[in-house]
file coords-v2.cif (mmCIF, C-alpha atoms)
data_upload
#
loop_
_atom_site.group_PDB
_atom_site.id
_atom_site.type_symbol
_atom_site.label_atom_id
_atom_site.label_comp_id
_atom_site.auth_asym_id
_atom_site.auth_seq_id
_atom_site.Cartn_x
_atom_site.Cartn_y
_atom_site.Cartn_z
ATOM 1 C CA MET A 1 -193.710 34.141 172.474
ATOM 2 C CA LYS A 2 -193.901 30.557 171.240
ATOM 3 C CA LEU A 3 -192.127 29.447 168.046
ATOM 4 C CA LEU A 4 -192.847 26.370 165.940
ATOM 5 C CA ILE A 5 -190.065 25.373 163.498
ATOM 6 C CA VAL A 6 -191.297 23.235 160.598
ATOM 7 C CA ASP A 7 -188.803 21.623 158.225
ATOM 8 C CA ASP A 8 -188.095 18.058 157.100
ATOM 9 C CA SER A 9 -184.377 18.791 157.341
ATOM 10 C CA LEU A 10 -182.850 18.235 160.762
ATOM 11 C CA ILE A 11 -179.978 20.633 160.090
ATOM 12 C CA MET A 12 -182.449 23.341 159.077
ATOM 13 C CA ARG A 13 -184.490 22.869 162.251
ATOM 14 C CA ARG A 14 -181.299 23.089 164.276
ATOM 15 C CA ALA A 15 -180.051 26.113 162.320
ATOM 16 C CA VAL A 16 -183.274 28.033 162.957
ATOM 17 C CA GLU A 17 -183.188 27.052 166.632
ATOM 18 C CA ARG A 18 -179.588 28.282 166.944
ATOM 19 C CA ALA A 19 -180.456 31.529 165.194
ATOM 20 C CA VAL A 20 -183.223 32.385 167.660
ATOM 21 C CA ALA A 21 -181.408 31.105 170.749
ATOM 22 C CA GLY A 22 -180.669 33.976 173.040
ATOM 23 C CA ASN A 23 -183.400 36.087 171.470
ATOM 24 C CA PRO A 24 -185.593 36.919 174.463
ATOM 25 C CA ARG A 25 -188.590 37.299 172.167
ATOM 26 C CA PHE A 26 -188.961 33.512 171.919
ATOM 27 C CA THR A 27 -189.594 31.771 175.219
ATOM 28 C CA GLU A 28 -190.421 28.294 173.937
ATOM 29 C CA VAL A 29 -189.542 26.404 170.753
ATOM 30 C CA ARG A 30 -190.985 23.221 169.283
ATOM 31 C CA PHE A 31 -190.449 21.328 166.039
ATOM 32 C CA ALA A 32 -192.281 19.482 163.289
ATOM 33 C CA ASN A 33 -190.819 17.636 160.311
ATOM 34 C CA ASN A 34 -193.757 17.914 157.896
ATOM 35 C CA GLY A 35 -197.008 19.792 157.426
ATOM 36 C CA ARG A 36 -199.206 17.144 159.021
ATOM 37 C CA VAL A 37 -197.137 17.008 162.193
ATOM 38 C CA ALA A 38 -197.028 20.818 162.153
ATOM 39 C CA LEU A 39 -200.832 20.978 162.337
ATOM 40 C CA GLU A 40 -200.903 18.523 165.239
ATOM 41 C CA GLU A 41 -198.220 20.502 167.028
ATOM 42 C CA PHE A 42 -199.980 23.774 166.223
ATOM 43 C CA ASN A 43 -203.158 22.535 167.925
ATOM 44 C CA ARG A 44 -201.272 21.421 171.041
ATOM 45 C CA PHE A 45 -198.711 24.191 171.292
ATOM 46 C CA GLN A 46 -200.624 27.211 169.925
ATOM 47 C CA PRO A 47 -197.483 28.985 168.693
ATOM 48 C CA ASP A 48 -197.434 32.713 167.958
ATOM 49 C CA PHE A 49 -194.843 32.378 165.202
ATOM 50 C CA VAL A 50 -194.132 29.585 162.701
ATOM 51 C CA THR A 51 -191.178 29.102 160.352
ATOM 52 C CA MET A 52 -192.357 26.856 157.547
ATOM 53 C CA ASP A 53 -190.548 24.901 154.828
ATOM 54 C CA ILE A 54 -192.565 24.115 151.675
ATOM 55 C CA THR A 55 -191.233 20.892 150.138
ATOM 56 C CA MET A 56 -191.919 18.228 152.763
ATOM 57 C CA PRO A 57 -193.355 14.699 152.793
ATOM 58 C CA GLU A 58 -196.973 13.972 153.797
ATOM 59 C CA MET A 59 -198.141 17.606 153.681
ATOM 60 C CA ASP A 60 -196.373 20.529 152.017
ATOM 61 C CA GLY A 61 -195.872 23.868 153.683
ATOM 62 C CA ILE A 62 -198.320 25.833 151.539
ATOM 63 C CA SER A 63 -201.183 23.505 152.547
ATOM 64 C CA ALA A 64 -200.038 23.676 156.160
ATOM 65 C CA VAL A 65 -200.046 27.480 156.129
ATOM 66 C CA GLU A 66 -203.595 27.491 154.779
ATOM 67 C CA ALA A 67 -204.728 25.090 157.522
ATOM 68 C CA ILE A 68 -202.908 27.035 160.232
ATOM 69 C CA LYS A 69 -204.492 30.293 159.129
ATOM 70 C CA ALA A 70 -207.918 28.635 159.182
ATOM 71 C CA ARG A 71 -207.267 27.773 162.828
ATOM 72 C CA ASN A 72 -205.720 31.050 163.918
ATOM 73 C CA LYS A 73 -205.564 34.062 161.621
ATOM 74 C CA SER A 74 -203.249 35.950 163.934
ATOM 75 C CA ALA A 75 -200.465 33.338 163.885
ATOM 76 C CA LEU A 76 -197.420 34.739 162.109
ATOM 77 C CA VAL A 77 -195.774 32.571 159.435
ATOM 78 C CA LEU A 78 -192.385 32.961 157.781
ATOM 79 C CA ILE A 79 -191.793 30.648 154.831
ATOM 80 C CA VAL A 80 -188.197 29.361 154.710
ATOM 81 C CA SER A 81 -187.809 27.504 151.438
ATOM 82 C CA ALA A 82 -185.426 26.743 148.583
ATOM 83 C CA LEU A 83 -188.169 27.237 145.981
ATOM 84 C CA ALA A 84 -186.963 30.333 144.219
ATOM 85 C CA ASP A 85 -189.755 31.002 141.727
ATOM 86 C CA ARG A 86 -191.905 34.083 142.132
ATOM 87 C CA ASP A 87 -195.217 32.206 141.820
ATOM 88 C CA THR A 88 -194.488 30.052 144.869
ATOM 89 C CA ALA A 89 -193.720 33.094 146.992
ATOM 90 C CA ILE A 90 -196.913 34.802 145.827
ATOM 91 C CA GLU A 91 -198.987 31.699 146.547
ATOM 92 C CA ALA A 92 -197.521 31.419 150.055
ATOM 93 C CA ILE A 93 -198.373 35.038 150.787
ATOM 94 C CA LYS A 94 -201.886 34.566 149.395
ATOM 95 C CA LYS A 95 -202.398 31.619 151.753
ATOM 96 C CA GLY A 96 -201.527 33.851 154.667
ATOM 97 C CA ALA A 97 -197.748 33.781 155.192
ATOM 98 C CA GLN A 98 -196.282 37.111 156.276
ATOM 99 C CA GLY A 99 -192.834 36.582 154.761
ATOM 100 C CA PHE A 100 -190.715 34.439 152.466
ATOM 101 C CA LEU A 101 -187.022 33.720 153.024
ATOM 102 C CA LEU A 102 -184.977 31.840 150.449
ATOM 103 C CA LYS A 103 -182.622 29.079 151.585
ATOM 104 C CA PRO A 104 -179.814 28.786 152.383
ATOM 105 C CA VAL A 105 -180.319 31.122 155.304
ATOM 106 C CA THR A 106 -177.913 32.693 157.752
ATOM 107 C CA ALA A 107 -178.742 33.567 161.336
ATOM 108 C CA ASP A 108 -178.672 37.247 160.373
ATOM 109 C CA SER A 109 -181.006 36.865 157.399
ATOM 110 C CA LEU A 110 -183.422 34.803 159.473
ATOM 111 C CA LEU A 111 -183.507 37.253 162.384
ATOM 112 C CA GLU A 112 -183.924 40.137 159.960
ATOM 113 C CA ALA A 113 -186.886 38.404 158.298
ATOM 114 C CA ILE A 114 -188.460 37.710 161.689
ATOM 115 C CA ASP A 115 -187.951 41.355 162.699
ATOM 116 C CA ASP A 116 -189.584 42.518 159.465
ATOM 117 C CA ILE A 117 -192.677 40.466 160.257
ATOM 118 C CA MET A 118 -192.799 41.435 163.912
ATOM 119 C CA SER A 119 -192.351 45.147 163.213
ATOM 120 C CA PRO A 120 -194.337 45.861 160.054
ATOM 121 C CA MET B 121 -181.663 17.820 127.658
ATOM 122 C CA GLU B 122 -180.848 21.407 126.805
ATOM 123 C CA ALA B 123 -177.482 22.846 127.765
ATOM 124 C CA ASP B 124 -179.428 25.706 129.346
ATOM 125 C CA ILE B 125 -180.857 23.410 132.014
ATOM 126 C CA LEU B 126 -177.414 22.134 132.959
ATOM 127 C CA LYS B 127 -176.181 25.721 133.130
ATOM 128 C CA ILE B 128 -179.069 26.666 135.434
ATOM 129 C CA ILE B 129 -178.350 23.693 137.731
ATOM 130 C CA ALA B 130 -174.638 24.549 137.744
ATOM 131 C CA LEU B 131 -175.364 28.168 138.670
ATOM 132 C CA SER B 132 -177.723 27.058 141.449
ATOM 133 C CA THR B 133 -174.954 24.847 142.816
ATOM 134 C CA SER B 134 -172.413 27.618 142.713
ATOM 135 C CA ARG B 135 -174.857 29.927 144.480
ATOM 136 C CA TYR B 136 -175.400 27.392 147.282
ATOM 137 C CA PHE B 137 -171.675 27.192 147.994
ATOM 138 C CA ASP B 138 -171.353 30.976 147.786
ATOM 139 C CA LEU B 139 -174.089 31.487 150.367
ATOM 140 C CA ALA B 140 -173.572 28.536 152.699
ATOM 141 C CA ALA B 141 -169.920 27.552 152.365
ATOM 142 C CA HIS B 142 -168.070 30.851 151.852
ATOM 143 C CA GLY B 143 -167.776 30.206 148.115
ATOM 144 C CA GLY B 144 -164.844 28.606 146.383
ATOM 145 C CA ALA B 145 -166.715 25.843 144.593
ATOM 146 C CA ALA B 146 -165.400 24.994 141.136
ATOM 147 C CA ILE B 147 -168.177 23.745 138.904
ATOM 148 C CA GLY B 148 -166.755 21.487 136.202
ATOM 149 C CA THR B 149 -167.914 20.983 132.656
ATOM 150 C CA PRO B 150 -170.911 18.645 132.458
ATOM 151 C CA TYR B 151 -170.348 15.383 130.651
ATOM 152 C CA LEU B 152 -172.507 12.483 129.601
ATOM 153 C CA ARG B 153 -172.306 9.678 132.109
ATOM 154 C CA ASP B 154 -170.689 6.429 131.067
ATOM 155 C CA PRO B 155 -173.013 3.718 132.475
ATOM 156 C CA GLN B 156 -169.907 1.844 133.670
ATOM 157 C CA GLU B 157 -168.670 4.812 135.701
ATOM 158 C CA SER B 158 -168.934 4.395 139.458
ATOM 159 C CA VAL B 159 -170.350 7.647 140.785
ATOM 160 C CA ALA B 160 -171.680 7.228 144.333
ATOM 161 C CA LEU B 161 -169.667 8.725 147.195
ATOM 162 C CA ASP B 162 -170.234 8.522 150.981
ATOM 163 C CA TYR B 163 -173.558 10.393 151.170
ATOM 164 C CA SER B 164 -176.120 10.931 148.454
ATOM 165 C CA ALA B 165 -179.561 12.391 147.954
ATOM 166 C CA VAL B 166 -181.937 12.202 145.031
ATOM 167 C CA ILE B 167 -184.841 14.483 144.222
ATOM 168 C CA GLY B 168 -187.520 13.447 141.775
ATOM 169 C CA ILE B 169 -188.653 15.992 139.205
ATOM 170 C CA THR B 170 -192.191 16.033 137.837
ATOM 171 C CA GLY B 171 -194.465 18.519 136.130
ATOM 172 C CA ALA B 172 -193.140 20.138 132.961
ATOM 173 C CA TYR B 173 -189.964 18.075 133.351
ATOM 174 C CA ARG B 174 -189.385 14.487 134.325
ATOM 175 C CA GLY B 175 -186.295 12.967 135.868
ATOM 176 C CA SER B 176 -184.072 13.469 138.861
ATOM 177 C CA VAL B 177 -181.322 15.541 140.422
ATOM 178 C CA TYR B 178 -178.863 13.422 142.397
ATOM 179 C CA TYR B 179 -176.032 14.815 144.505
ATOM 180 C CA THR B 180 -173.284 12.712 146.048
ATOM 181 C CA ALA B 181 -170.356 13.858 148.197
ATOM 182 C CA PRO B 182 -167.556 12.451 150.367
ATOM 183 C CA ALA B 183 -167.595 12.882 154.164
ATOM 184 C CA GLU B 184 -164.345 14.894 153.968
ATOM 185 C CA MET B 185 -166.175 17.552 151.982
ATOM 186 C CA ILE B 186 -169.387 17.545 154.006
ATOM 187 C CA ASP B 187 -167.824 17.872 157.461
ATOM 188 C CA PRO B 188 -166.321 21.349 157.016
ATOM 189 C CA ILE B 189 -169.577 22.634 155.514
ATOM 190 C CA LEU B 190 -171.407 21.380 158.602
ATOM 191 C CA GLY B 191 -168.935 23.383 160.671
ATOM 192 C CA LEU B 192 -169.563 26.500 158.595
ATOM 193 C CA ILE B 193 -173.312 26.298 159.143
ATOM 194 C CA GLY B 194 -172.832 25.985 162.888
ATOM 195 C CA GLU B 195 -172.773 22.285 163.674
ATOM 196 C CA ALA B 196 -170.117 21.615 166.287
ATOM 197 C CA LYS B 197 -169.827 17.912 165.557
ATOM 198 C CA ALA B 198 -170.284 16.032 162.296
ATOM 199 C CA GLU B 199 -172.539 13.026 162.728
ATOM 200 C CA ASP B 200 -173.829 10.492 160.269
ATOM 201 C CA GLN B 201 -177.393 11.788 160.259
ATOM 202 C CA LEU B 202 -176.294 15.390 159.881
ATOM 203 C CA ARG B 203 -174.046 14.536 156.944
ATOM 204 C CA ALA B 204 -176.851 12.737 155.144
ATOM 205 C CA ASP B 205 -179.243 15.557 155.951
ATOM 206 C CA LEU B 206 -176.868 18.219 154.629
ATOM 207 C CA VAL B 207 -176.487 16.407 151.313
ATOM 208 C CA GLY B 208 -180.274 16.303 151.104
ATOM 209 C CA GLU B 209 -180.515 20.001 151.863
ATOM 210 C CA ILE B 210 -177.895 20.854 149.226
ATOM 211 C CA THR B 211 -179.814 18.825 146.636
ATOM 212 C CA ASN B 212 -183.085 20.443 147.685
ATOM 213 C CA THR B 213 -181.623 23.933 147.472
ATOM 214 C CA VAL B 214 -179.953 23.366 144.107
ATOM 215 C CA ALA B 215 -183.178 22.002 142.594
ATOM 216 C CA GLY B 216 -185.326 24.637 144.291
ATOM 217 C CA HIS B 217 -183.221 27.528 143.032
ATOM 218 C CA ALA B 218 -183.494 26.161 139.498
ATOM 219 C CA ARG B 219 -187.209 27.019 139.646
ATOM 220 C CA GLU B 220 -186.268 30.684 139.489
ATOM 221 C CA GLN B 221 -185.387 30.080 135.828
ATOM 222 C CA LEU B 222 -187.404 26.968 135.013
ATOM 223 C CA GLY B 223 -190.619 28.067 136.742
ATOM 224 C CA GLY B 224 -193.130 26.356 138.999
ATOM 225 C CA GLY B 225 -193.628 23.568 136.454
ATOM 226 C CA PHE B 226 -190.257 22.234 137.605
ATOM 227 C CA MET B 227 -191.786 20.365 140.545
ATOM 228 C CA ILE B 228 -189.435 18.807 143.082
ATOM 229 C CA SER B 229 -189.964 16.045 145.631
ATOM 230 C CA PRO B 230 -188.492 15.934 149.131
ATOM 231 C CA PRO B 231 -184.986 14.437 149.003
ATOM 232 C CA PHE B 232 -184.447 10.715 149.411
ATOM 233 C CA LEU B 233 -181.239 10.199 151.385
ATOM 234 C CA VAL B 234 -178.700 7.429 150.841
ATOM 235 C CA LYS B 235 -175.870 6.729 153.294
ATOM 236 C CA GLY B 236 -172.899 4.717 152.105
ATOM 237 C CA ARG B 237 -171.929 3.852 148.579
ATOM 238 C CA PRO B 238 -174.547 1.905 146.653
ATOM 239 C CA ALA B 239 -173.118 -0.532 144.137
ATOM 240 C CA ASP B 240 -174.633 1.432 141.302
ATOM 241 C CA VAL B 241 -176.847 4.388 140.566
ATOM 242 C CA GLN B 242 -179.528 3.831 137.957
ATOM 243 C CA SER B 243 -181.466 6.620 136.361
ATOM 244 C CA SER B 244 -185.216 6.168 136.294
ATOM 245 C CA ASP B 245 -185.571 5.987 132.553
ATOM 246 C CA SER B 246 -183.604 5.934 129.356
ATOM 247 C CA ALA B 247 -182.978 9.681 129.332
ATOM 248 C CA PRO B 248 -179.329 10.709 129.197
ATOM 249 C CA CYS B 249 -177.658 11.393 132.510
ATOM 250 C CA TYR B 250 -175.177 14.245 132.784
ATOM 251 C CA ILE B 251 -172.585 14.560 135.525
ATOM 252 C CA ILE B 252 -171.533 17.980 136.810
ATOM 253 C CA PRO B 253 -168.335 17.789 138.900
ATOM 254 C CA VAL B 254 -168.363 20.072 141.955
ATOM 255 C CA ASP B 255 -164.981 20.640 143.596
ATOM 256 C CA TRP B 256 -164.608 22.427 146.914
ATOM 257 C CA ARG B 257 -161.482 22.688 149.086
ATOM 258 C CA GLY B 258 -159.748 19.862 147.273
ATOM 259 C CA HIS B 259 -162.647 17.421 147.381
ATOM 260 C CA ARG B 260 -164.842 16.316 144.525
ATOM 261 C CA SER B 261 -168.585 15.786 144.648
ATOM 262 C CA ARG B 262 -170.935 15.124 141.752
ATOM 263 C CA LEU B 263 -174.343 16.209 140.557
ATOM 264 C CA LEU B 264 -176.154 13.773 138.291
ATOM 265 C CA VAL B 265 -178.892 15.369 136.248
ATOM 266 C CA THR B 266 -181.399 13.317 134.273
ATOM 267 C CA LEU B 267 -184.154 15.487 132.858
ATOM 268 C CA THR B 268 -186.474 15.568 129.895
ATOM 269 C CA ARG B 269 -189.222 18.014 129.054
ATOM 270 C CA VAL B 270 -192.584 16.264 129.225
ATOM 271 C CA GLU B 271 -193.621 17.818 125.918
ATOM 272 C CA GLU B 272 -190.488 16.449 124.264
ATOM 273 C CA ASP B 273 -191.106 13.079 125.840
ATOM 274 C CA ALA B 274 -194.640 12.905 124.475
ATOM 275 C CA ALA B 275 -193.598 13.954 120.969
#
call {"tool": "encode", "arguments": {"input": "coords-v2.cif", "output": "structure tokens"}}
result
Amino acid sequence: MKLLIVDDSLIMRRAVERAVAGNPRFTEVRFANNGRVALEEFNRFQPDFVTMDITMPEMDGISAVEAIKARNKSALVLIVSALADRDTAIEAIKKGAQGFLLKPVTADSLLEAIDDIMSP
Amino acid sequence: MEADILKIIALSTSRYFDLAAHGGAAIGTPYLRDPQESVALDYSAVIGITGAYRGSVYYTAPAEMIDPILGLIGEAKAEDQLRADLVGEITNTVAGHAREQLGGGFMISPPFLVKGRPADVQSSDSAPCYIIPVDWRGHRSRLLVTLTRVEEDAA
């Protein structure tokens, strides 16, 4: 399974990568630092699973999720964001995200959220 | 600026340290910034606020405080870029969590990162700037909060 990690924060990209390292479910990991780059990478890489930040330069994560879902409805998306208001979470789900995880995250909370999406 | 907003920001800050840094952060009493006070530490990040509020949330911290937090989140070696990035992520998380209370109208920008100590930190307008001291493991960092409600501003 291919994973695309989207976040403008380098330490967040690295933290997600560390969390999934050793998980045999993910065989290949790539990165993007904003929504626009995420769409380019999505087209090239065709990931099965995407972790997506919301507040990013150039294109935010909500817009990116909408565009990703227009390309491939079966791609799974977990939002990983610091935006703690209920409306943002609802909007992300409406655009097609399968889950919403509030930052800061731990490896355990991230893997649990991924498991929840993979095993509905 | 209402005291409630400062309280919300302070609680968001405390929650970040509880979740990411094993707790132990002491959030000091907010005070009005003296324009002559030098505030910038080694690494800083500023987030612009728009929507129902206007202003900024600025966080600044010394390297001695950032390095152990990097270790706690799994970074084996503290590097310049990681330190700056962590300060940005703390600022982003503090501002983002405030939306739980302040709502989606509290719109936040991506963080702008500053390495090193700028000679001065200017707020974007004439609104009062409050400083919230944040102490953790014997080191002091600071949150600078400059916010006005747009409705108040227009009145």
call {"tool": "residues_around", "arguments": {"input": "coords-v2.cif", "residues": "Phe137 of chain B", "least_positions_apart": "3", "cutoff": "10 Å", "atoms": "only C-alpha atoms", "output": "ChimeraX atom specification"}}
result
/A:104 /B:132-134,140-146,189,210,214,254,256
call {"tool": "interface_residues", "arguments": {"input": "coords-v2.cif", "of": "chain B", "to": "chain A", "cutoff": "6 Å", "atoms": "all atoms listed in the file", "output": "compact mmCIF listing (two decimals) with C-alpha atoms, in the frame of the given file"}}
result
# COMPACT_ATOMS: atom_id res chain seq x y z
CA THR B 213 -181.62 23.93 147.47
CA GLY B 216 -185.33 24.64 144.29
CA HIS B 217 -183.22 27.53 143.03
CA ARG B 219 -187.21 27.02 139.65
CA GLU B 220 -186.27 30.68 139.49
CA GLY B 223 -190.62 28.07 136.74
CA PRO B 230 -188.49 15.93 149.13
call {"tool": "resolve_selection", "arguments": {"input": "coords-v2.cif", "expression": "the PyMOL selection byres ((chain A and resi 92) around 12)", "output": "ChimeraX atom specification"}}
result
/A:52-54,60-66,69,77-81,83,85-91,93-101
call {"tool": "axis_aligned_box", "arguments": {"input": "coords-v2.cif", "around": "segment 46-52 of chain A", "padding_each_side": "4 Å", "output": "JSON"}}
result
{"center_x": -195.9, "center_y": 29.8, "center_z": 163.7, "size_x": 17.4, "size_y": 13.9, "size_z": 20.4}
call {"tool": "residues_around", "arguments": {"input": "coords-v2.cif", "residues": "Asn43 of chain A", "least_positions_apart": "4", "cutoff": "9 Å", "atoms": "all atoms listed in the file", "output": "number ranges by chain"}}
result
A: 38-39, 47, 68, 71
call {"tool": "residues_around", "arguments": {"input": "coords-v2.cif", "residues": "Asp124 of chain B", "least_positions_apart": "3", "cutoff": "12 Å", "atoms": "all atoms listed in the file", "output": "ChimeraX atom specification"}}
result
/B:121,127-131,150,218,221-222,267
call {"tool": "atom_distance", "arguments": {"input": "coords-v2.cif", "atom1": "atom CA of Ala21 of chain A", "atom2": "atom CA of Asn34 of chain A"}}
result
22.2 Å
call {"tool": "atom_distance", "arguments": {"input": "coords-v2.cif", "atom1": "atom CA of Ile167 of chain B", "atom2": "atom CA of Leu202 of chain B"}}
result
17.9 Å
call {"tool": "atom_distance", "arguments": {"input": "coords-v2.cif", "atom1": "atom CA of Leu76 of chain A", "atom2": "atom CA of Gly22 of chain A"}}
result
20.0 Å
call {"tool": "closest_residue", "arguments": {"input": "coords-v2.cif", "among": "A:Val6, A:Met1, A:Ala70, A:Ala75", "to": "Arg36 of chain A", "atoms": "all atoms listed in the file"}}
result
A:Val6
call {"tool": "closest_residue", "arguments": {"input": "coords-v2.cif", "among": "B:Arg257, B:Ala181, B:Gln201, B:Thr170", "to": "Phe226 of chain B", "atoms": "all atoms listed in the file"}}
result
B:Thr170
call {"tool": "resolve_selection", "arguments": {"input": "coords-v2.cif", "expression": "the PyMOL selection byres ((chain B and resi 186) around 9)", "output": "PyMOL selection string"}}
result
chain B and resi 163+181-185+187-191+198+203-204+206-207
